[in-house]
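Enquirer: I'm passing along my_file06.tsv; it holds TSV, N, CA and C atoms and all ligand atoms.
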chain	number	residue	atom	x	y	z
A	1	MET	N	0.83	-1.20	0.00
A	1	MET	CA	0.00	0.00	0.00
A	1	MET	C	0.87	1.26	0.00
A	2	LYS	N	0.44	2.26	-0.75
A	2	LYS	CA	1.16	3.53	-0.84
A	2	LYS	C	0.25	4.68	-0.42
A	3	ALA	N	0.87	5.84	-0.25
A	3	ALA	CA	0.09	7.01	0.12
A	3	ALA	C	0.56	8.20	-0.70
A	4	CYS	N	-0.38	9.05	-1.09
A	4	CYS	CA	-0.08	10.24	-1.87
A	4	CYS	C	0.74	11.23	-1.04
A	5	LYS	N	1.79	11.79	-1.65
A	5	LYS	CA	2.65	12.73	-0.94
A	5	LYS	C	1.96	14.07	-0.70
A	6	LYS	N	0.97	14.37	-1.50
A	6	LYS	CA	0.30	15.67	-1.37
A	6	LYS	C	-0.94	15.59	-0.49
A	7	CYS	N	-1.91	14.74	-0.87
A	7	CYS	CA	-3.17	14.71	-0.13
A	7	CYS	C	-3.26	13.55	0.86
A	8	HIS	N	-2.23	12.66	0.86
A	8	HIS	CA	-2.14	11.54	1.80
A	8	HIS	C	-3.14	10.42	1.57
A	9	LEU	N	-3.89	10.45	0.48
A	9	LEU	CA	-4.84	9.39	0.17
A	9	LEU	C	-4.10	8.08	-0.07
A	10	MET	N	-4.61	6.99	0.51
A	10	MET	CA	-3.99	5.68	0.35
A	10	MET	C	-4.39	5.07	-0.99
A	11	THR	N	-3.42	4.43	-1.65
A	11	THR	CA	-3.66	3.81	-2.94
A	11	THR	C	-2.61	2.74	-3.20
A	12	ASP	N	-2.84	1.86	-4.16
A	12	ASP	CA	-1.80	0.91	-4.52
A	12	ASP	C	-1.14	1.31	-5.84
A	13	LYS	N	-1.53	2.48	-6.36
A	13	LYS	CA	-0.97	2.97	-7.62
A	13	LYS	C	0.25	3.87	-7.37
A	14	ASN	N	1.00	4.15	-8.43
A	14	ASN	CA	2.17	5.02	-8.31
A	14	ASN	C	1.81	6.50	-8.39
A	15	VAL	N	0.60	6.77	-8.86
A	15	VAL	CA	0.14	8.14	-8.96
A	15	VAL	C	-1.24	8.23	-8.29
A	16	CYS	N	-1.44	9.29	-7.53
A	16	CYS	CA	-2.71	9.47	-6.83
A	16	CYS	C	-3.86	9.69	-7.81
A	17	ALA	N	-4.96	8.94	-7.60
A	17	ALA	CA	-6.12	9.07	-8.49
A	17	ALA	C	-6.88	10.36	-8.23
A	18	PHE	N	-6.65	10.96	-7.07
A	18	PHE	CA	-7.40	12.15	-6.69
A	18	PHE	C	-6.71	13.42	-7.16
A	19	CYS	N	-5.40	13.55	-6.92
A	19	CYS	CA	-4.72	14.81	-7.25
A	19	CYS	C	-3.55	14.63	-8.23
A	20	ASN	N	-3.33	13.39	-8.69
A	20	ASN	CA	-2.29	13.12	-9.69
A	20	ASN	C	-0.86	13.35	-9.19
A	21	SER	N	-0.67	13.42	-7.87
A	21	SER	CA	0.67	13.56	-7.33
A	21	SER	C	1.31	12.18	-7.17
A	22	PRO	N	2.65	12.11	-7.14
A	22	PRO	CA	3.31	10.82	-6.93
A	22	PRO	C	3.02	10.27	-5.53
A	23	THR	N	2.97	8.95	-5.42
A	23	THR	CA	2.73	8.31	-4.14
A	23	THR	C	4.03	7.75	-3.57
A	24	SER	N	4.01	7.39	-2.30
A	24	SER	CA	5.20	6.89	-1.62
A	24	SER	C	4.83	5.71	-0.74
A	25	ASP	N	5.74	4.73	-0.61
A	25	ASP	CA	5.46	3.64	0.33
A	25	ASP	C	6.08	3.92	1.69
A	26	GLN	N	6.66	5.12	1.83
A	26	GLN	CA	7.22	5.53	3.12
A	26	GLN	C	6.20	6.36	3.88
A	27	TRP	N	5.26	5.68	4.54
A	27	TRP	CA	4.24	6.41	5.30
A	27	TRP	C	4.05	5.75	6.66
A	28	GLN	N	3.46	6.49	7.58
A	28	GLN	CA	3.23	5.98	8.93
A	28	GLN	C	1.81	6.25	9.37
A	29	GLY	N	1.12	5.21	9.81
A	29	GLY	CA	-0.21	5.35	10.38
A	29	GLY	C	-1.23	5.82	9.36
A	30	TYR	N	-2.50	5.57	9.65
A	30	TYR	CA	-3.53	6.09	8.76
A	30	TYR	C	-4.82	6.32	9.52
A	31	VAL	N	-5.66	7.14	8.94
A	31	VAL	CA	-6.99	7.37	9.49
A	31	VAL	C	-8.02	7.11	8.40
A	32	VAL	N	-9.21	6.66	8.82
A	32	VAL	CA	-10.31	6.51	7.88
A	32	VAL	C	-11.25	7.67	8.10
A	33	ILE	N	-11.42	8.49	7.08
A	33	ILE	CA	-12.31	9.65	7.16
A	33	ILE	C	-13.63	9.30	6.49
A	34	ILE	N	-14.69	9.31	7.30
A	34	ILE	CA	-16.01	8.96	6.76
A	34	ILE	C	-16.79	10.22	6.42
A	35	ASP	N	-16.70	11.21	7.30
A	35	ASP	CA	-17.43	12.46	7.10
A	35	ASP	C	-16.48	13.65	7.28
A	36	PRO	N	-15.83	14.08	6.21
A	36	PRO	CA	-14.82	15.15	6.30
A	36	PRO	C	-15.36	16.44	6.91
A	37	GLN	N	-16.65	16.73	6.69
A	37	GLN	CA	-17.22	17.97	7.19
A	37	GLN	C	-17.26	17.99	8.71
A	38	ARG	N	-17.35	16.81	9.34
A	38	ARG	CA	-17.51	16.74	10.79
A	38	ARG	C	-16.25	16.26	11.49
A	39	SER	N	-15.21	15.92	10.73
A	39	SER	CA	-13.99	15.38	11.32
A	39	SER	C	-12.95	16.48	11.52
A	40	ARG	N	-12.49	16.65	12.77
A	40	ARG	CA	-11.46	17.66	13.04
A	40	ARG	C	-10.14	17.25	12.41
A	41	ILE	N	-9.90	15.95	12.36
A	41	ILE	CA	-8.66	15.46	11.72
A	41	ILE	C	-8.68	15.82	10.24
A	42	ALA	N	-9.82	15.58	9.60
A	42	ALA	CA	-9.95	15.88	8.18
A	42	ALA	C	-9.75	17.37	7.92
A	43	GLN	N	-10.31	18.19	8.79
A	43	GLN	CA	-10.17	19.64	8.61
A	43	GLN	C	-8.72	20.08	8.81
A	44	ALA	N	-8.07	19.48	9.82
A	44	ALA	CA	-6.66	19.81	10.08
A	44	ALA	C	-5.77	19.40	8.92
A	45	MET	N	-6.13	18.30	8.26
A	45	MET	CA	-5.33	17.79	7.15
A	45	MET	C	-5.78	18.34	5.81
A	46	GLY	N	-6.88	19.08	5.79
A	46	GLY	CA	-7.39	19.64	4.55
A	46	GLY	C	-8.06	18.62	3.66
A	47	ILE	N	-8.63	17.57	4.27
A	47	ILE	CA	-9.28	16.51	3.51
A	47	ILE	C	-10.73	16.87	3.22
A	48	GLN	N	-11.13	16.70	1.96
A	48	GLN	CA	-12.50	17.05	1.57
A	48	GLN	C	-13.29	15.85	1.08
A	49	MET	N	-12.62	14.70	0.94
A	49	MET	CA	-13.26	13.53	0.36
A	49	MET	C	-13.12	12.36	1.34
A	50	PRO	N	-14.18	11.59	1.59
A	50	PRO	CA	-14.08	10.44	2.46
A	50	PRO	C	-13.06	9.43	1.92
A	51	GLY	N	-12.37	8.75	2.80
A	51	GLY	CA	-11.39	7.76	2.35
A	51	GLY	C	-10.40	7.42	3.44
A	52	LYS	N	-9.35	6.71	3.04
A	52	LYS	CA	-8.33	6.25	3.97
A	52	LYS	C	-7.07	7.07	3.71
A	53	TYR	N	-6.57	7.73	4.74
A	53	TYR	CA	-5.46	8.65	4.56
A	53	TYR	C	-4.30	8.34	5.51
A	54	ALA	N	-3.08	8.41	5.01
A	54	ALA	CA	-1.90	8.24	5.84
A	54	ALA	C	-1.66	9.49	6.67
A	55	LEU	N	-1.18	9.30	7.90
A	55	LEU	CA	-0.92	10.46	8.77
A	55	LEU	C	0.37	11.15	8.37
A	56	LYS	N	1.42	10.35	8.11
A	56	LYS	CA	2.70	10.91	7.72
A	56	LYS	C	3.18	10.25	6.43
A	57	VAL	N	3.58	11.04	5.46
A	57	VAL	CA	4.12	10.51	4.21
A	57	VAL	C	5.47	11.17	3.96
A	58	ARG	N	6.47	10.37	3.67
A	58	ARG	CA	7.78	10.93	3.36
A	58	ARG	C	8.04	10.92	1.86
B	101	ZN	ZN	-3.27	12.88	-3.77
Represent the structure from my file as structure tokens, please.
Expert:
Amino acid sequence: MKACKKCHLMTDKNVCAFCNSPTSDQWQGYVVIIDPQRSRIAQAMGIQMPGKYALKVR
């Protein structure tokens, strides 16, 4: 599993399907965002779409 370097979205592809940024397999931890409008984590990370996001991506 990889994570986007820009938006942190988890994916198994080399390029993020959401923002077209390169992905990395150097990530730590993840959160599942179900309702971005009500999630403080999502707001802090600037997430607008439900999904699975890595907390740290190198
Ligand atoms: Zn992305």
Enquirer: How close does each residue of chain A get to ligand ZN 101 (chain B), giving the shortest atom pair and distance in Å to one decimal for every residue with an atom at most 8 Å away, counting all atoms listed in the file, sorted by chain and residue number, as a Markdown table?
Expert:
| residue | atom | partner | partner_atom | distance |
| --- | --- | --- | --- | --- |
| A:Ala3 | C | B:ZN101 | ZN | 6.8 |
| A:Cys4 | CA | B:ZN101 | ZN | 4.6 |
| A:Lys5 | N | B:ZN101 | ZN | 5.6 |
| A:Lys6 | C | B:ZN101 | ZN | 4.9 |
| A:Cys7 | N | B:ZN101 | ZN | 3.7 |
| A:His8 | N | B:ZN101 | ZN | 4.8 |
| A:Leu9 | N | B:ZN101 | ZN | 4.9 |
| A:Met10 | N | B:ZN101 | ZN | 7.4 |
| A:Val15 | C | B:ZN101 | ZN | 6.8 |
| A:Cys16 | CA | B:ZN101 | ZN | 4.6 |
| A:Ala17 | N | B:ZN101 | ZN | 5.7 |
| A:Phe18 | C | B:ZN101 | ZN | 4.9 |
| A:Cys19 | N | B:ZN101 | ZN | 3.9 |
| A:Asn20 | N | B:ZN101 | ZN | 4.9 |
| A:Ser21 | N | B:ZN101 | ZN | 4.9 |
| A:Pro22 | N | B:ZN101 | ZN | 6.9 |
| A:Thr23 | CA | B:ZN101 | ZN | 7.6 |
Enquirer: Taking only chain A into account, list the residues labelled strand (DSSP E) by DSSP (computed from the backbone), as a list in words.
Expert: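 Assigned to strand (DSSP E), within chain A: Lys2, Ala3, Cys4, Met10, Thr11, Thr23, Ser24, Trp27, Gln28, Gly29, Tyr30, Val31, Val32, Ile33, Gly51, Lys52, Tyr53, Ala54, Leu55, Lys56 and Val57 of chain A.
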Enquirer: Output N, CA and C atoms for every residue in the selection just made, as an mmCIF file, in the frame of the given file.
Expert:
data_model
loop_
_atom_site.group_PDB
_atom_site.id
_atom_site.type_symbol
_atom_site.label_atom_id
_atom_site.label_comp_id
_atom_site.auth_asym_id
_atom_site.auth_seq_id
_atom_site.Cartn_x
_atom_site.Cartn_y
_atom_site.Cartn_z
ATOM 1 N N LYS A 2 0.440 2.260 -0.750
ATOM 2 C CA LYS A 2 1.160 3.530 -0.840
ATOM 3 C C LYS A 2 0.250 4.680 -0.420
ATOM 4 N N ALA A 3 0.870 5.840 -0.250
ATOM 5 C CA ALA A 3 0.090 7.010 0.120
ATOM 6 C C ALA A 3 0.560 8.200 -0.700
ATOM 7 N N CYS A 4 -0.380 9.050 -1.090
ATOM 8 C CA CYS A 4 -0.080 10.240 -1.870
ATOM 9 C C CYS A 4 0.740 11.230 -1.040
ATOM 10 N N MET A 10 -4.610 6.990 0.510
ATOM 11 C CA MET A 10 -3.990 5.680 0.350
ATOM 12 C C MET A 10 -4.390 5.070 -0.990
ATOM 13 N N THR A 11 -3.420 4.430 -1.650
ATOM 14 C CA THR A 11 -3.660 3.810 -2.940
ATOM 15 C C THR A 11 -2.610 2.740 -3.200
ATOM 16 N N THR A 23 2.970 8.950 -5.420
ATOM 17 C CA THR A 23 2.730 8.310 -4.140
ATOM 18 C C THR A 23 4.030 7.750 -3.570
ATOM 19 N N SER A 24 4.010 7.390 -2.300
ATOM 20 C CA SER A 24 5.200 6.890 -1.620
ATOM 21 C C SER A 24 4.830 5.710 -0.740
ATOM 22 N N TRP A 27 5.260 5.680 4.540
ATOM 23 C CA TRP A 27 4.240 6.410 5.300
ATOM 24 C C TRP A 27 4.050 5.750 6.660
ATOM 25 N N GLN A 28 3.460 6.490 7.580
ATOM 26 C CA GLN A 28 3.230 5.980 8.930
ATOM 27 C C GLN A 28 1.810 6.250 9.370
ATOM 28 N N GLY A 29 1.120 5.210 9.810
ATOM 29 C CA GLY A 29 -0.210 5.350 10.380
ATOM 30 C C GLY A 29 -1.230 5.820 9.360
ATOM 31 N N TYR A 30 -2.500 5.570 9.650
ATOM 32 C CA TYR A 30 -3.530 6.090 8.760
ATOM 33 C C TYR A 30 -4.820 6.320 9.520
ATOM 34 N N VAL A 31 -5.660 7.140 8.940
ATOM 35 C CA VAL A 31 -6.990 7.370 9.490
ATOM 36 C C VAL A 31 -8.020 7.110 8.400
ATOM 37 N N VAL A 32 -9.210 6.660 8.820
ATOM 38 C CA VAL A 32 -10.310 6.510 7.880
ATOM 39 C C VAL A 32 -11.250 7.670 8.100
ATOM 40 N N ILE A 33 -11.420 8.490 7.080
ATOM 41 C CA ILE A 33 -12.310 9.650 7.160
ATOM 42 C C ILE A 33 -13.630 9.300 6.490
ATOM 43 N N GLY A 51 -12.370 8.750 2.800
ATOM 44 C CA GLY A 51 -11.390 7.760 2.350
ATOM 45 C C GLY A 51 -10.400 7.420 3.440
ATOM 46 N N LYS A 52 -9.350 6.710 3.040
ATOM 47 C CA LYS A 52 -8.330 6.250 3.970
ATOM 48 C C LYS A 52 -7.070 7.070 3.710
ATOM 49 N N TYR A 53 -6.570 7.730 4.740
ATOM 50 C CA TYR A 53 -5.460 8.650 4.560
ATOM 51 C C TYR A 53 -4.300 8.340 5.510
ATOM 52 N N ALA A 54 -3.080 8.410 5.010
ATOM 53 C CA ALA A 54 -1.900 8.240 5.840
ATOM 54 C C ALA A 54 -1.660 9.490 6.670
ATOM 55 N N LEU A 55 -1.180 9.300 7.900
ATOM 56 C CA LEU A 55 -0.920 10.460 8.770
ATOM 57 C C LEU A 55 0.370 11.150 8.370
ATOM 58 N N LYS A 56 1.420 10.350 8.110
ATOM 59 C CA LYS A 56 2.700 10.910 7.720
ATOM 60 C C LYS A 56 3.180 10.250 6.430
ATOM 61 N N VAL A 57 3.580 11.040 5.460
ATOM 62 C CA VAL A 57 4.120 10.510 4.210
ATOM 63 C C VAL A 57 5.470 11.170 3.960
#
Enquirer: Please, what is the axis-aligned box for every listed atom of stretch 5-14 of chain A with 8 Å on each side, as centre and edge lengths in Å to one decimal, as lines of an AutoDock Vina configuration file?
Expert:
center_x = -1.1
center_y = 8.3
center_z = -3.3
size_x = 23.5
size_y = 30.8
size_z = 26.2
Enquirer: Looking at only N, CA and C atoms, which of A:Lys56, A:Met1, A:Thr11, A:Gln48 is the one that sits closest to A:Asp35?
Expert: A:Gln48
Enquirer: What is the distance between atom CA of A:Met49 and atom CA of A:Gln37, in Å to one decimal?
Expert: 9.1 Å
Enquirer: Between atom CA of A:Leu55 and atom N of A:Ser24, what distance in Å does the model show, to one decimal?
Expert: 12.5 Å
Enquirer: Give the answer as one residue: which of A:Ile33, A:Asp12, A:Asp25, A:Arg40 has the shortest atom-to-atom distance to A:Tyr53, using only C-alpha atoms?
Expert: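 Closest to A:Tyr53, using only C-alpha atoms: A:Ile33.
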Enquirer: One decimal, in Å: what's the spacing between atom N of A:Ala44 and atom CA of A:Trp27?
Expert: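 Interatomic distance here is 18.5 Å.
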Enquirer: Can I get stretch 5-16 of chain A with all heavy atoms filled in, as a short mmCIF file (atom, residue, chain, number, x, y, z; two decimals), in the coordinates of the input?
Expert:
data_model
loop_
_atom_site.label_atom_id
_atom_site.label_comp_id
_atom_site.auth_asym_id
_atom_site.auth_seq_id
_atom_site.Cartn_x
_atom_site.Cartn_y
_atom_site.Cartn_z
N LYS A 5 1.79 11.79 -1.65
CA LYS A 5 2.65 12.73 -0.94
C LYS A 5 1.96 14.07 -0.70
O LYS A 5 2.34 14.83 0.17
CB LYS A 5 3.94 12.98 -1.74
CG LYS A 5 4.88 11.78 -1.71
CD LYS A 5 6.15 12.09 -2.47
CE LYS A 5 7.09 10.91 -2.43
NZ LYS A 5 8.33 11.17 -3.18
N LYS A 6 0.97 14.37 -1.50
CA LYS A 6 0.30 15.67 -1.37
C LYS A 6 -0.94 15.59 -0.49
O LYS A 6 -1.03 16.27 0.52
CB LYS A 6 -0.04 16.19 -2.77
CG LYS A 6 -0.51 17.62 -2.76
CD LYS A 6 -0.81 18.08 -4.18
CE LYS A 6 -1.40 19.48 -4.18
NZ LYS A 6 -1.93 19.82 -5.50
N CYS A 7 -1.91 14.74 -0.87
CA CYS A 7 -3.17 14.71 -0.13
C CYS A 7 -3.26 13.55 0.86
O CYS A 7 -4.22 13.46 1.60
CB CYS A 7 -4.35 14.68 -1.10
SG CYS A 7 -4.55 13.13 -1.99
N HIS A 8 -2.23 12.66 0.86
CA HIS A 8 -2.14 11.54 1.80
C HIS A 8 -3.14 10.42 1.57
O HIS A 8 -3.28 9.54 2.40
CB HIS A 8 -2.23 12.03 3.25
CG HIS A 8 -1.04 12.85 3.68
ND1 HIS A 8 -0.74 13.11 4.99
CD2 HIS A 8 -0.06 13.44 2.96
CE1 HIS A 8 0.36 13.84 5.06
NE2 HIS A 8 0.78 14.06 3.84
N LEU A 9 -3.89 10.45 0.48
CA LEU A 9 -4.84 9.39 0.17
C LEU A 9 -4.10 8.08 -0.07
O LEU A 9 -3.08 8.04 -0.76
CB LEU A 9 -5.63 9.78 -1.09
CG LEU A 9 -6.70 8.80 -1.56
CD1 LEU A 9 -7.85 8.72 -0.56
CD2 LEU A 9 -7.23 9.21 -2.92
N MET A 10 -4.61 6.99 0.51
CA MET A 10 -3.99 5.68 0.35
C MET A 10 -4.39 5.07 -0.99
O MET A 10 -5.54 5.14 -1.39
CB MET A 10 -4.44 4.74 1.47
CG MET A 10 -4.24 5.29 2.87
SD MET A 10 -2.56 5.19 3.45
CE MET A 10 -2.35 3.43 3.53
N THR A 11 -3.42 4.43 -1.65
CA THR A 11 -3.66 3.81 -2.94
C THR A 11 -2.61 2.74 -3.20
O THR A 11 -1.59 2.70 -2.50
CB THR A 11 -3.61 4.88 -4.07
OG1 THR A 11 -3.79 4.21 -5.32
CG2 THR A 11 -2.28 5.61 -4.07
N ASP A 12 -2.84 1.86 -4.16
CA ASP A 12 -1.80 0.91 -4.52
C ASP A 12 -1.14 1.31 -5.84
O ASP A 12 -0.31 0.61 -6.38
CB ASP A 12 -2.34 -0.52 -4.58
CG ASP A 12 -3.56 -0.64 -5.49
OD1 ASP A 12 -3.93 0.37 -6.12
OD2 ASP A 12 -4.12 -1.74 -5.57
N LYS A 13 -1.53 2.48 -6.36
CA LYS A 13 -0.97 2.97 -7.62
C LYS A 13 0.25 3.87 -7.37
O LYS A 13 0.49 4.30 -6.25
CB LYS A 13 -2.03 3.79 -8.37
CG LYS A 13 -3.35 3.08 -8.57
CD LYS A 13 -3.32 2.27 -9.84
CE LYS A 13 -4.66 1.67 -10.24
NZ LYS A 13 -5.58 1.30 -9.19
N ASN A 14 1.00 4.15 -8.43
CA ASN A 14 2.17 5.02 -8.31
C ASN A 14 1.81 6.50 -8.39
O ASN A 14 2.63 7.35 -8.05
CB ASN A 14 3.19 4.69 -9.41
CG ASN A 14 3.85 3.35 -9.16
OD1 ASN A 14 4.15 3.00 -8.02
ND2 ASN A 14 4.06 2.60 -10.21
N VAL A 15 0.60 6.77 -8.86
CA VAL A 15 0.14 8.14 -8.96
C VAL A 15 -1.24 8.23 -8.29
O VAL A 15 -2.07 7.35 -8.46
CB VAL A 15 0.04 8.59 -10.43
CG1 VAL A 15 -0.56 9.98 -10.53
CG2 VAL A 15 1.41 8.56 -11.08
N CYS A 16 -1.44 9.29 -7.53
CA CYS A 16 -2.71 9.47 -6.83
C CYS A 16 -3.86 9.69 -7.81
O CYS A 16 -3.76 10.52 -8.71
CB CYS A 16 -2.59 10.67 -5.88
SG CYS A 16 -4.11 11.09 -5.04
#
